[in-house]
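Coordinates as given in structure.cif (mmCIF, C-alpha atoms):
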```cif
data_work
#
loop_
_atom_site.group_PDB
_atom_site.id
_atom_site.type_symbol
_atom_site.label_atom_id
_atom_site.label_comp_id
_atom_site.auth_asym_id
_atom_site.auth_seq_id
_atom_site.Cartn_x
_atom_site.Cartn_y
_atom_site.Cartn_z
ATOM 1 C CA MET W 192 16.608 -25.770 14.209
ATOM 2 C CA LYS W 193 15.383 -22.336 13.185
ATOM 3 C CA ASP W 194 11.764 -22.004 12.150
ATOM 4 C CA TYR W 195 11.429 -20.001 8.939
ATOM 5 C CA PHE W 196 7.670 -20.418 8.574
ATOM 6 C CA PHE W 197 6.737 -16.934 9.653
ATOM 7 C CA THR W 198 5.583 -13.972 7.613
ATOM 8 C CA ASP W 199 8.591 -11.950 8.721
ATOM 9 C CA ALA W 200 11.083 -14.438 7.235
ATOM 10 C CA ARG W 201 13.427 -12.835 4.682
ATOM 11 C CA LEU W 202 14.403 -14.887 1.640
ATOM 12 C CA LEU W 203 17.759 -14.436 -0.145
ATOM 13 C CA GLY W 204 19.520 -16.557 -2.712
ATOM 14 C CA LEU W 205 22.082 -17.229 -5.398
ATOM 15 C CA ILE W 206 21.349 -17.638 -9.110
ATOM 16 C CA GLY W 207 23.640 -19.293 -11.645
ATOM 17 C CA HIS W 208 23.804 -22.171 -14.102
ATOM 18 C CA PRO W 209 24.855 -24.703 -13.272
ATOM 19 C CA ILE W 210 24.941 -24.225 -9.518
ATOM 20 C CA LYS W 211 27.813 -26.388 -8.343
ATOM 21 C CA HIS W 212 28.905 -26.811 -4.752
ATOM 22 C CA THR W 213 28.899 -23.303 -3.297
ATOM 23 C CA PHE W 214 29.752 -22.005 0.157
ATOM 24 C CA SER W 215 27.424 -19.013 -0.119
ATOM 25 C CA PRO W 216 24.350 -20.651 1.484
ATOM 26 C CA PHE W 217 26.461 -21.760 4.450
ATOM 27 C CA ILE W 218 27.990 -18.286 4.843
ATOM 28 C CA HIS W 219 24.684 -16.411 4.750
ATOM 29 C CA ASN W 220 22.664 -18.911 6.760
ATOM 30 C CA LYS W 221 25.405 -19.010 9.404
ATOM 31 C CA THR W 222 25.252 -15.209 9.487
ATOM 32 C CA SER W 223 21.496 -15.364 10.011
ATOM 33 C CA GLU W 224 21.992 -17.877 12.819
ATOM 34 C CA LEU W 225 24.617 -15.712 14.526
ATOM 35 C CA LEU W 226 22.532 -12.549 14.217
ATOM 36 C CA GLY W 227 19.174 -14.193 14.828
ATOM 37 C CA ASP W 228 17.545 -12.308 11.942
ATOM 38 C CA ASN W 229 15.307 -15.056 10.480
ATOM 39 C CA THR W 230 16.845 -14.922 6.991
ATOM 40 C CA LEU W 231 17.048 -17.927 4.679
ATOM 41 C CA TYR W 232 19.487 -18.112 1.741
ATOM 42 C CA LEU W 233 18.942 -20.675 -1.043
ATOM 43 C CA PRO W 234 20.723 -21.567 -4.314
ATOM 44 C CA PHE W 235 18.628 -21.402 -7.501
ATOM 45 C CA ASP W 236 19.771 -23.066 -10.723
ATOM 46 C CA VAL W 237 18.499 -20.677 -13.415
ATOM 47 C CA ALA W 238 19.168 -21.434 -17.076
ATOM 48 C CA PRO W 239 19.951 -18.375 -19.254
ATOM 49 C CA SER W 240 16.644 -18.724 -21.105
ATOM 50 C CA ASN W 241 14.777 -18.458 -17.774
ATOM 51 C CA LEU W 242 16.612 -15.473 -16.294
ATOM 52 C CA LYS W 243 13.935 -12.864 -17.003
ATOM 53 C CA ASP W 244 11.146 -15.115 -15.685
ATOM 54 C CA ALA W 245 13.190 -15.958 -12.591
ATOM 55 C CA LEU W 246 13.573 -12.269 -11.716
ATOM 56 C CA ALA W 247 9.836 -11.728 -12.159
ATOM 57 C CA GLY W 248 9.260 -14.688 -9.849
ATOM 58 C CA PHE W 249 11.567 -13.262 -7.200
ATOM 59 C CA VAL W 250 9.649 -9.981 -7.282
ATOM 60 C CA ALA W 251 6.306 -11.792 -7.038
ATOM 61 C CA LEU W 252 7.530 -13.877 -4.091
ATOM 62 C CA GLY W 253 9.114 -10.930 -2.304
ATOM 63 C CA VAL W 254 12.666 -12.311 -2.377
ATOM 64 C CA ARG W 255 14.771 -9.587 -0.795
ATOM 65 C CA GLY W 256 17.847 -10.142 -2.925
ATOM 66 C CA VAL W 257 20.094 -12.563 -4.760
ATOM 67 C CA ASN W 258 23.721 -13.024 -5.581
ATOM 68 C CA VAL W 259 24.490 -13.560 -9.251
ATOM 69 C CA THR W 260 27.133 -15.894 -10.646
ATOM 70 C CA THR W 261 28.121 -17.431 -13.980
ATOM 71 C CA PRO W 262 26.703 -17.017 -16.609
ATOM 72 C CA HIS W 263 24.321 -14.210 -15.581
ATOM 73 C CA LYS W 264 26.578 -11.404 -14.318
ATOM 74 C CA GLU W 265 26.489 -9.443 -17.569
ATOM 75 C CA ALA W 266 23.210 -10.670 -19.065
ATOM 76 C CA ILE W 267 21.211 -9.533 -16.033
ATOM 77 C CA ILE W 268 22.059 -5.833 -16.414
ATOM 78 C CA PRO W 269 19.378 -4.841 -18.969
ATOM 79 C CA LEU W 270 16.742 -6.625 -16.870
ATOM 80 C CA LEU W 271 17.286 -4.381 -13.831
ATOM 81 C CA HIS W 272 15.686 -1.044 -12.956
ATOM 82 C CA TYR W 273 18.905 0.483 -11.631
ATOM 83 C CA VAL W 274 22.611 -0.356 -11.762
ATOM 84 C CA SER W 275 25.122 1.207 -9.375
ATOM 85 C CA GLU W 276 27.887 3.367 -10.792
ATOM 86 C CA GLU W 277 30.516 0.780 -9.873
ATOM 87 C CA ALA W 278 28.594 -2.149 -11.382
ATOM 88 C CA GLY W 279 28.001 -0.102 -14.530
ATOM 89 C CA ALA W 280 31.688 0.730 -14.841
ATOM 90 C CA ILE W 281 32.627 -2.902 -14.339
ATOM 91 C CA GLY W 282 29.886 -4.104 -16.683
ATOM 92 C CA SER W 283 28.949 -6.902 -14.304
ATOM 93 C CA VAL W 284 26.456 -7.416 -11.461
ATOM 94 C CA ASN W 285 26.871 -9.965 -8.683
ATOM 95 C CA THR W 286 24.257 -8.666 -6.227
ATOM 96 C CA VAL W 287 20.629 -7.714 -6.824
ATOM 97 C CA VAL W 288 18.477 -5.922 -4.231
ATOM 98 C CA ASN W 289 14.673 -5.976 -4.451
ATOM 99 C CA GLU W 290 13.170 -2.718 -3.173
ATOM 100 C CA VAL W 291 9.403 -3.222 -3.356
ATOM 101 C CA GLY W 292 9.569 -4.599 -6.891
ATOM 102 C CA LYS W 293 12.382 -2.362 -8.119
ATOM 103 C CA LEU W 294 15.573 -4.349 -8.769
ATOM 104 C CA SER W 295 18.941 -2.672 -8.327
ATOM 105 C CA GLY W 296 22.241 -4.220 -9.408
ATOM 106 C CA HIS W 297 25.548 -3.903 -7.561
ATOM 107 C CA ASN W 298 29.018 -5.401 -7.724
ATOM 108 C CA THR W 299 30.609 -6.463 -4.452
ATOM 109 C CA ASP W 300 33.368 -8.517 -6.103
ATOM 110 C CA SER W 301 35.510 -5.386 -6.120
ATOM 111 C CA ALA W 302 35.318 -5.209 -2.307
ATOM 112 C CA GLY W 303 36.449 -8.825 -2.142
ATOM 113 C CA ILE W 304 39.371 -8.216 -4.487
ATOM 114 C CA ILE W 305 40.504 -5.220 -2.448
ATOM 115 C CA GLU W 306 40.347 -7.294 0.737
ATOM 116 C CA SER W 307 42.549 -9.958 -0.876
ATOM 117 C CA LEU W 308 45.151 -7.693 -2.496
ATOM 118 C CA GLU W 309 45.451 -4.730 -0.112
ATOM 119 C CA PRO W 310 48.286 -6.340 1.915
ATOM 120 C CA TYR W 311 50.352 -6.425 -1.302
ATOM 121 C CA ARG W 312 49.538 -2.916 -2.520
ATOM 122 C CA SER W 313 53.110 -1.597 -2.431
ATOM 123 C CA GLU W 314 54.284 -4.465 -4.629
ATOM 124 C CA ILE W 315 51.423 -4.285 -7.133
ATOM 125 C CA VAL W 316 51.554 -0.536 -7.718
ATOM 126 C CA GLY W 317 53.783 0.241 -10.680
ATOM 127 C CA ASN W 318 54.270 -3.383 -11.711
ATOM 128 C CA GLY W 319 52.650 -5.604 -14.334
ATOM 129 C CA ALA W 320 49.534 -7.694 -13.690
ATOM 130 C CA VAL W 321 47.884 -10.565 -15.552
ATOM 131 C CA VAL W 322 44.154 -11.283 -15.353
ATOM 132 C CA VAL W 323 43.195 -14.682 -16.739
ATOM 133 C CA GLY W 324 39.580 -14.774 -17.906
ATOM 134 C CA ALA W 325 37.123 -12.406 -19.540
ATOM 135 C CA GLY W 326 33.889 -12.884 -17.596
ATOM 136 C CA GLY W 327 32.329 -10.961 -14.740
ATOM 137 C CA ALA W 328 35.037 -11.766 -12.207
ATOM 138 C CA ALA W 329 37.745 -10.702 -14.660
ATOM 139 C CA ARG W 330 35.901 -7.439 -15.277
ATOM 140 C CA ALA W 331 35.852 -6.759 -11.527
ATOM 141 C CA ALA W 332 39.553 -7.578 -11.275
ATOM 142 C CA VAL W 333 40.573 -5.227 -14.093
ATOM 143 C CA TYR W 334 38.365 -2.440 -12.736
ATOM 144 C CA THR W 335 39.758 -2.805 -9.213
ATOM 145 C CA LEU W 336 43.359 -2.903 -10.381
ATOM 146 C CA ILE W 337 42.840 0.297 -12.387
ATOM 147 C CA ARG W 338 40.963 2.169 -9.651
ATOM 148 C CA ARG W 339 42.913 1.038 -6.601
ATOM 149 C CA PHE W 340 46.318 -0.406 -7.486
ATOM 150 C CA ASN W 341 47.610 1.392 -10.621
ATOM 151 C CA PRO W 342 49.785 -1.357 -12.140
ATOM 152 C CA SER W 343 52.216 -0.476 -14.904
ATOM 153 C CA ARG W 344 50.325 -2.707 -17.350
ATOM 154 C CA ILE W 345 47.454 -5.183 -17.338
ATOM 155 C CA PHE W 346 47.429 -8.230 -19.576
ATOM 156 C CA ILE W 347 43.965 -9.739 -20.123
ATOM 157 C CA VAL W 348 44.450 -13.370 -21.124
ATOM 158 C CA ASN W 349 41.602 -15.533 -22.350
ATOM 159 C CA ARG W 350 41.049 -18.661 -24.418
ATOM 160 C CA THR W 351 39.026 -16.528 -26.838
ATOM 161 C CA LYS W 352 41.097 -13.454 -27.647
ATOM 162 C CA GLN W 353 38.040 -11.624 -28.982
ATOM 163 C CA ARG W 354 36.505 -11.531 -25.504
ATOM 164 C CA ALA W 355 39.781 -10.273 -24.043
ATOM 165 C CA GLU W 356 39.840 -7.548 -26.696
ATOM 166 C CA TYR W 357 36.274 -6.632 -25.777
ATOM 167 C CA LEU W 358 37.272 -6.099 -22.145
ATOM 168 C CA LYS W 359 40.310 -4.116 -23.191
ATOM 169 C CA ASP W 360 38.150 -1.808 -25.321
ATOM 170 C CA HIS W 361 35.536 -1.491 -22.563
ATOM 171 C CA PHE W 362 38.036 -0.231 -19.988
ATOM 172 C CA ALA W 363 39.973 1.865 -22.479
ATOM 173 C CA ALA W 364 36.728 3.716 -23.212
ATOM 174 C CA SER W 365 35.560 4.013 -19.596
ATOM 175 C CA SER W 366 38.815 4.994 -17.871
ATOM 176 C CA ASP W 367 42.021 6.932 -18.457
ATOM 177 C CA PHE W 368 44.020 3.707 -18.164
ATOM 178 C CA ASP W 369 45.312 2.732 -21.613
ATOM 179 C CA ARG W 370 48.043 0.271 -20.639
ATOM 180 C CA ILE W 371 46.005 -2.871 -21.302
ATOM 181 C CA GLU W 372 46.932 -5.700 -23.660
ATOM 182 C CA ALA W 373 44.733 -8.599 -24.771
ATOM 183 C CA ARG W 374 46.337 -11.990 -25.326
ATOM 184 C CA GLU W 375 45.048 -15.389 -26.332
ATOM 185 C CA LEU W 376 45.653 -18.123 -23.807
ATOM 186 C CA THR W 377 48.158 -20.365 -25.556
ATOM 187 C CA PRO W 378 50.605 -21.894 -23.048
ATOM 188 C CA PRO W 379 53.578 -22.013 -23.085
ATOM 189 C CA ASP W 380 53.652 -18.980 -25.392
ATOM 190 C CA LEU W 381 52.575 -16.721 -22.531
ATOM 191 C CA LEU W 382 55.559 -17.411 -20.294
ATOM 192 C CA ASP W 383 56.956 -13.985 -21.181
ATOM 193 C CA VAL W 384 53.710 -12.281 -20.107
ATOM 194 C CA PHE W 385 53.741 -14.062 -16.751
ATOM 195 C CA ALA W 386 57.448 -13.344 -16.298
ATOM 196 C CA GLU W 387 56.835 -9.594 -16.789
ATOM 197 C CA SER W 388 54.126 -9.474 -14.125
ATOM 198 C CA LYS W 389 54.213 -9.183 -10.371
ATOM 199 C CA LEU W 390 50.570 -10.258 -9.959
ATOM 200 C CA ILE W 391 48.736 -13.130 -11.652
ATOM 201 C CA VAL W 392 44.972 -13.361 -11.096
ATOM 202 C CA ASN W 393 42.901 -16.396 -12.050
ATOM 203 C CA ALA W 394 39.403 -15.041 -12.645
ATOM 204 C CA THR W 395 38.096 -18.257 -14.220
ATOM 205 C CA THR W 396 36.507 -21.352 -12.714
ATOM 206 C CA VAL W 397 39.401 -23.570 -13.816
ATOM 207 C CA GLY W 398 40.426 -25.767 -10.893
ATOM 208 C CA MET W 399 37.075 -25.503 -9.108
ATOM 209 C CA TRP W 400 35.460 -28.578 -7.601
ATOM 210 C CA PRO W 401 34.552 -31.098 -9.008
ATOM 211 C CA HIS W 402 37.320 -30.441 -11.572
ATOM 212 C CA ALA W 403 39.966 -29.644 -8.978
ATOM 213 C CA ASP W 404 42.830 -31.210 -10.939
ATOM 214 C CA ASP W 405 42.239 -29.009 -13.964
ATOM 215 C CA ALA W 406 44.920 -26.345 -14.264
ATOM 216 C CA VAL W 407 45.989 -26.904 -17.852
ATOM 217 C CA MET W 408 46.475 -23.207 -18.514
ATOM 218 C CA PHE W 409 49.195 -22.877 -15.883
ATOM 219 C CA ARG W 410 52.726 -24.237 -15.739
ATOM 220 C CA GLU W 411 55.008 -24.256 -12.720
ATOM 221 C CA GLU W 412 57.787 -22.498 -14.641
ATOM 222 C CA ALA W 413 55.464 -19.510 -15.142
ATOM 223 C CA PHE W 414 55.916 -18.404 -11.530
ATOM 224 C CA ASP W 415 58.803 -17.286 -9.356
ATOM 225 C CA GLU W 416 59.426 -16.257 -5.762
ATOM 226 C CA ASP W 417 58.854 -12.553 -6.468
ATOM 227 C CA GLN W 418 55.289 -13.030 -7.663
ATOM 228 C CA ILE W 419 51.825 -12.968 -6.119
ATOM 229 C CA VAL W 420 49.297 -15.479 -7.448
ATOM 230 C CA PHE W 421 45.642 -14.818 -6.621
ATOM 231 C CA ASP W 422 43.222 -17.639 -7.426
ATOM 232 C CA MET W 423 39.595 -16.552 -7.069
ATOM 233 C CA VAL W 424 38.525 -20.197 -6.856
ATOM 234 C CA TYR W 425 37.559 -21.010 -3.258
ATOM 235 C CA ASN W 426 36.576 -24.660 -3.529
ATOM 236 C CA PRO W 427 38.966 -26.332 -2.904
ATOM 237 C CA LEU W 428 40.852 -23.788 -0.824
ATOM 238 C CA ASN W 429 44.216 -25.142 -1.943
ATOM 239 C CA THR W 430 43.766 -25.357 -5.708
ATOM 240 C CA LYS W 431 46.083 -26.879 -8.275
ATOM 241 C CA LEU W 432 47.113 -23.331 -9.181
ATOM 242 C CA THR W 433 47.976 -22.269 -5.635
ATOM 243 C CA GLN W 434 49.948 -25.493 -5.225
ATOM 244 C CA LEU W 435 51.916 -24.786 -8.422
ATOM 245 C CA ALA W 436 52.578 -21.227 -7.284
ATOM 246 C CA GLU W 437 53.784 -22.247 -3.827
ATOM 247 C CA ARG W 438 56.125 -24.882 -5.274
ATOM 248 C CA SER W 439 57.694 -22.087 -7.330
ATOM 249 C CA GLY W 440 58.149 -19.938 -4.223
ATOM 250 C CA ALA W 441 55.417 -17.464 -5.160
ATOM 251 C CA ARG W 442 52.961 -16.177 -2.577
ATOM 252 C CA ALA W 443 49.521 -17.671 -3.181
ATOM 253 C CA ILE W 444 46.153 -16.195 -2.201
ATOM 254 C CA ASN W 445 43.077 -18.408 -2.297
ATOM 255 C CA GLY W 446 39.536 -17.241 -2.970
ATOM 256 C CA LEU W 447 38.216 -17.399 0.606
ATOM 257 C CA PRO W 448 38.991 -13.781 1.658
ATOM 258 C CA MET W 449 37.311 -12.514 -1.510
ATOM 259 C CA LEU W 450 34.304 -14.778 -1.004
ATOM 260 C CA LEU W 451 33.757 -13.582 2.567
ATOM 261 C CA ALA W 452 34.306 -9.893 1.817
ATOM 262 C CA GLN W 453 31.941 -9.801 -1.153
ATOM 263 C CA ALA W 454 29.363 -11.790 0.839
ATOM 264 C CA ALA W 455 29.588 -9.322 3.729
ATOM 265 C CA LYS W 456 29.029 -6.385 1.386
ATOM 266 C CA SER W 457 26.050 -8.120 -0.253
ATOM 267 C CA TYR W 458 24.528 -8.923 3.131
ATOM 268 C CA GLU W 459 24.821 -5.300 4.183
ATOM 269 C CA LEU W 460 23.097 -4.140 0.971
ATOM 270 C CA TRP W 461 20.193 -6.524 1.595
ATOM 271 C CA THR W 462 19.745 -6.090 5.332
ATOM 272 C CA GLY W 463 21.677 -3.050 6.523
ATOM 273 C CA ALA W 464 23.441 -5.317 9.019
ATOM 274 C CA LYS W 465 27.145 -6.075 9.333
ATOM 275 C CA MET W 466 28.176 -9.680 8.824
ATOM 276 C CA PRO W 467 30.263 -11.102 11.699
ATOM 277 C CA VAL W 468 32.969 -12.099 9.230
ATOM 278 C CA ALA W 469 35.499 -13.526 11.683
ATOM 279 C CA GLU W 470 32.915 -15.825 13.275
ATOM 280 C CA VAL W 471 31.569 -16.916 9.899
ATOM 281 C CA GLU W 472 35.079 -17.642 8.647
ATOM 282 C CA THR W 473 35.827 -19.762 11.721
ATOM 283 C CA ALA W 474 32.622 -21.752 11.248
ATOM 284 C CA LEU W 475 33.299 -22.256 7.551
ATOM 285 C CA LYS W 476 36.842 -23.474 8.152
ATOM 286 C CA GLU W 477 35.565 -25.902 10.807
ATOM 287 C CA ARG W 478 33.037 -27.276 8.349
ATOM 288 C CA LEU W 479 35.672 -27.677 5.660
ATOM 289 C CA ALA W 480 38.039 -29.380 8.080
ATOM 290 C CA SER W 481 35.309 -31.836 9.054
ATOM 291 C CA GLY W 482 34.653 -32.725 5.419
ATOM 292 C CA ALA W 483 30.952 -32.040 5.852
#
```

Just give me the structure of the file as structure tokens.
Amino acid sequence: MKDYFFTDARLLGLIGHPIKHTFSPFIHNKTSELLGDNTLYLPFDVAPSNLKDALAGFVALGVRGVNVTTPHKEAIIPLLHYVSEEAGAIGSVNTVVNEVGKLSGHNTDSAGIIESLEPYRSEIVGNGAVVVGAGGAARAAVYTLIRRFNPSRIFIVNRTKQRAEYLKDHFAASSDFDRIEARELTPPDLLDVFAESKLIVNATTVGMWPHADDAVMFREEAFDEDQIVFDMVYNPLNTKLTQLAERSGARAINGLPMLLAQAAKSYELWTGAKMPVAEVETALKERLASGA
């Protein structure tokens, strides 16, 4: 058992609300164990009304940095001293670094998306893509598709069309990419949108534990063997969506590669050290297989 009760211990964490079962503490604490760097990573459940006070507390306590998840990825931006160019363009922050009381915001989700989709680049370029959701993860997905994969068109699909329209307008104003359409999520009316697209990205929490059976927005007939279905949900690894996609012959990508890649980038921002990703992935898969 590591002893963290020393003045040189470095504290990291994750803020969100609610904080459900997350693999991030295991990933970062396993990294600390492998590297022997005396870092401790903890999850903090922070209600929206407490976000500003929580950040002040982190500064007072000398917390080196935190990851940021739902619902704080956008709301945290005006509370920071500096936001990276990429995070500003995305309009979402998932990593905060504390530099002697000055808080800087970054977005490492884009690195995770690239890691997940790069093997399929030749198929994505020049073809249609669907991004389901309109939160911080969806923002990162749209940004990354525009900057790195140049699809023929991006459909932003969300239960509330107004939020999808907001994302469409944001990226239309901040990039030269004007081939974006906003649609309301009303299955089965969207079958034509899915049929026109090579890539379907789920950037929502639908299907995440403990609601693993929830995939009401997706239907098996929406997918075919020529498509790529990327579910950002990583718990469980084989979600209802990836199961539906595989039964249709589509190639399914779960959220684990994205989770590890964005975590590695965050860890490097906080510590300057490289995460031993392959070893961490092996340890995480062993833990999942054991049911622990």

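For stretch 427-444 of chain W, the list of residues within 6 Å, based on all atoms listed in the file and with local chain neighbours fewer than 4 positions off taken out, reads Glu411, Phe414, Asp415, Glu416, Gln418, Ile419, Val420 and Phe421 of chain W.
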
Restricting the output to C-alpha atoms, write the selected residues as a PDB file, in the frame of the given file.
```pdb
ATOM      1  CA  GLU W 411      55.008 -24.256 -12.720  1.00  0.00           C
ATOM      2  CA  PHE W 414      55.916 -18.404 -11.530  1.00  0.00           C
ATOM      3  CA  ASP W 415      58.803 -17.286  -9.356  1.00  0.00           C
ATOM      4  CA  GLU W 416      59.426 -16.257  -5.762  1.00  0.00           C
ATOM      5  CA  GLN W 418      55.289 -13.030  -7.663  1.00  0.00           C
ATOM      6  CA  ILE W 419      51.825 -12.968  -6.119  1.00  0.00           C
ATOM      7  CA  VAL W 420      49.297 -15.479  -7.448  1.00  0.00           C
ATOM      8  CA  PHE W 421      45.642 -14.818  -6.621  1.00  0.00           C
TER       9      PHE W 421
END
```

### Message
Would you compute the distance between atom CA of W:Pro467 and atom CA of W:His219? Give it in Å to one decimal.
### Response
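Separating atom CA of W:Pro467 from atom CA of W:His219 is a distance of 10.4 Å.
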
### Task
Write out as a list in words which residues come within 7 Å of W:Ser295 when counting only C-alpha atoms, dropping same-chain ones fewer than 6 positions away.
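Surrounding residues, per the criterion: Leu271, His272, Tyr273, Val274, Val287, Val288 and Asn289 of chain W.
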
### Query
Which residue gives the smallest distance to W:Ser240 among W:Gly463, W:Pro262, W:Gly292, W:Gly317, with all atoms listed in the file counted?
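With all atoms listed in the file as the atom set, the closest residue is W:Pro262.
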
Could you tell me which residues the PyMOL selection byres ((chain W and resi 202) around 8) grabs in this file, written as a compact mmCIF listing (two decimals) with C-alpha atoms, in the coordinates of the input?
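Written out: result-v3.txt:
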```
# COMPACT_ATOMS: atom_id res chain seq x y z
CA ALA W 200 11.08 -14.44 7.24
CA ARG W 201 13.43 -12.84 4.68
CA LEU W 203 17.76 -14.44 -0.14
CA GLY W 204 19.52 -16.56 -2.71
CA THR W 230 16.84 -14.92 6.99
CA LEU W 231 17.05 -17.93 4.68
CA TYR W 232 19.49 -18.11 1.74
CA LEU W 233 18.94 -20.68 -1.04
CA GLY W 253 9.11 -10.93 -2.30
CA VAL W 254 12.67 -12.31 -2.38
CA ARG W 255 14.77 -9.59 -0.80
CA GLY W 256 17.85 -10.14 -2.92
```

### Task
Pick out the residues sitting within 10 Å of W:Asn318, and hand them over as a list in words; count all atoms listed in the file, and ignore anything fewer than 5 positions along from it in its own chain.
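Once the nearby chain positions are removed, what remains is Ser313, Phe340, Asn341, Pro342, Ser343, Arg344, Ile345, Glu387, Ser388, Lys389 and Leu390 of chain W.
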
### Task
Name the residues that the PyMOL selection byres ((chain W and resi 364-375) around 8) picks from the file above, as a PyMOL selection string, using the file's chain letters and numbers.
chain W and resi 280+337+343-352+355-356+359-363+376-377

## Note on the structure
Among W:Leu382, W:Leu479, W:Val284, W:Ala452, W:Met466 is approached most closely, using all atoms listed in the file, by W:Ala452

### Message
Between W:Gly303, W:Gly227, W:Gly319, W:Gly282, which residue has the minimum interatomic distance to W:Lys264, considering only C-alpha atoms?
### Response
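Closest to W:Lys264 of all the choices is W:Gly282.
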
Using all atoms of stretch 336-339 of chain W listed in the file and a margin of 6 Å per side, can you give the axis-aligned box centre and edge lengths in Å to one decimal, as JSON?
```
{"center_x": 42.2, "center_y": -0.4, "center_z": -9.5, "size_x": 14.4, "size_y": 17.1, "size_z": 17.8}
```

### Message
Since I can't run it myself right now, could you work out what the PyMOL selection byres ((chain W and resi 298) around 10) selects here and report it as JSON, numbers by chain?
### Response
{"W": [258, 259, 264, 274, 275, 276, 277, 278, 279, 280, 281, 282, 283, 284, 285, 286, 287, 296, 297, 299, 300, 301, 302, 303, 327, 328, 331, 453, 456, 457]}

Could you write out the selected residues, including C-alpha atoms, as a tab-separated table (two decimals), in the frame of the given file?
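out_23.tsv, written as the output of this step:
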```
chain	number	residue	atom	x	y	z
W	258	ASN	CA	23.72	-13.02	-5.58
W	259	VAL	CA	24.49	-13.56	-9.25
W	264	LYS	CA	26.58	-11.40	-14.32
W	274	VAL	CA	22.61	-0.36	-11.76
W	275	SER	CA	25.12	1.21	-9.38
W	276	GLU	CA	27.89	3.37	-10.79
W	277	GLU	CA	30.52	0.78	-9.87
W	278	ALA	CA	28.59	-2.15	-11.38
W	279	GLY	CA	28.00	-0.10	-14.53
W	280	ALA	CA	31.69	0.73	-14.84
W	281	ILE	CA	32.63	-2.90	-14.34
W	282	GLY	CA	29.89	-4.10	-16.68
W	283	SER	CA	28.95	-6.90	-14.30
W	284	VAL	CA	26.46	-7.42	-11.46
W	285	ASN	CA	26.87	-9.96	-8.68
W	286	THR	CA	24.26	-8.67	-6.23
W	287	VAL	CA	20.63	-7.71	-6.82
W	296	GLY	CA	22.24	-4.22	-9.41
W	297	HIS	CA	25.55	-3.90	-7.56
W	299	THR	CA	30.61	-6.46	-4.45
W	300	ASP	CA	33.37	-8.52	-6.10
W	301	SER	CA	35.51	-5.39	-6.12
W	302	ALA	CA	35.32	-5.21	-2.31
W	303	GLY	CA	36.45	-8.82	-2.14
W	327	GLY	CA	32.33	-10.96	-14.74
W	328	ALA	CA	35.04	-11.77	-12.21
W	331	ALA	CA	35.85	-6.76	-11.53
W	453	GLN	CA	31.94	-9.80	-1.15
W	456	LYS	CA	29.03	-6.38	1.39
W	457	SER	CA	26.05	-8.12	-0.25
```

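Taking atom CA of W:Glu472 as the reference point, atom CA of W:Leu451 is found at 7.4 Å.
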
### Message
Counting all atoms listed in the file, which residue out of W:Lys221, W:His212, W:Arg339, W:Arg410 sits closest to W:Tyr458?
### Response
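Residue with the minimum atom-to-atom distance to W:Tyr458: W:Lys221.
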
### Query
Hey, can you check how far atom CA of W:Thr473 sits from atom CA of W:Leu447?
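Value for the atom CA of W:Thr473-atom CA of W:Leu447 distance: 11.6 Å.
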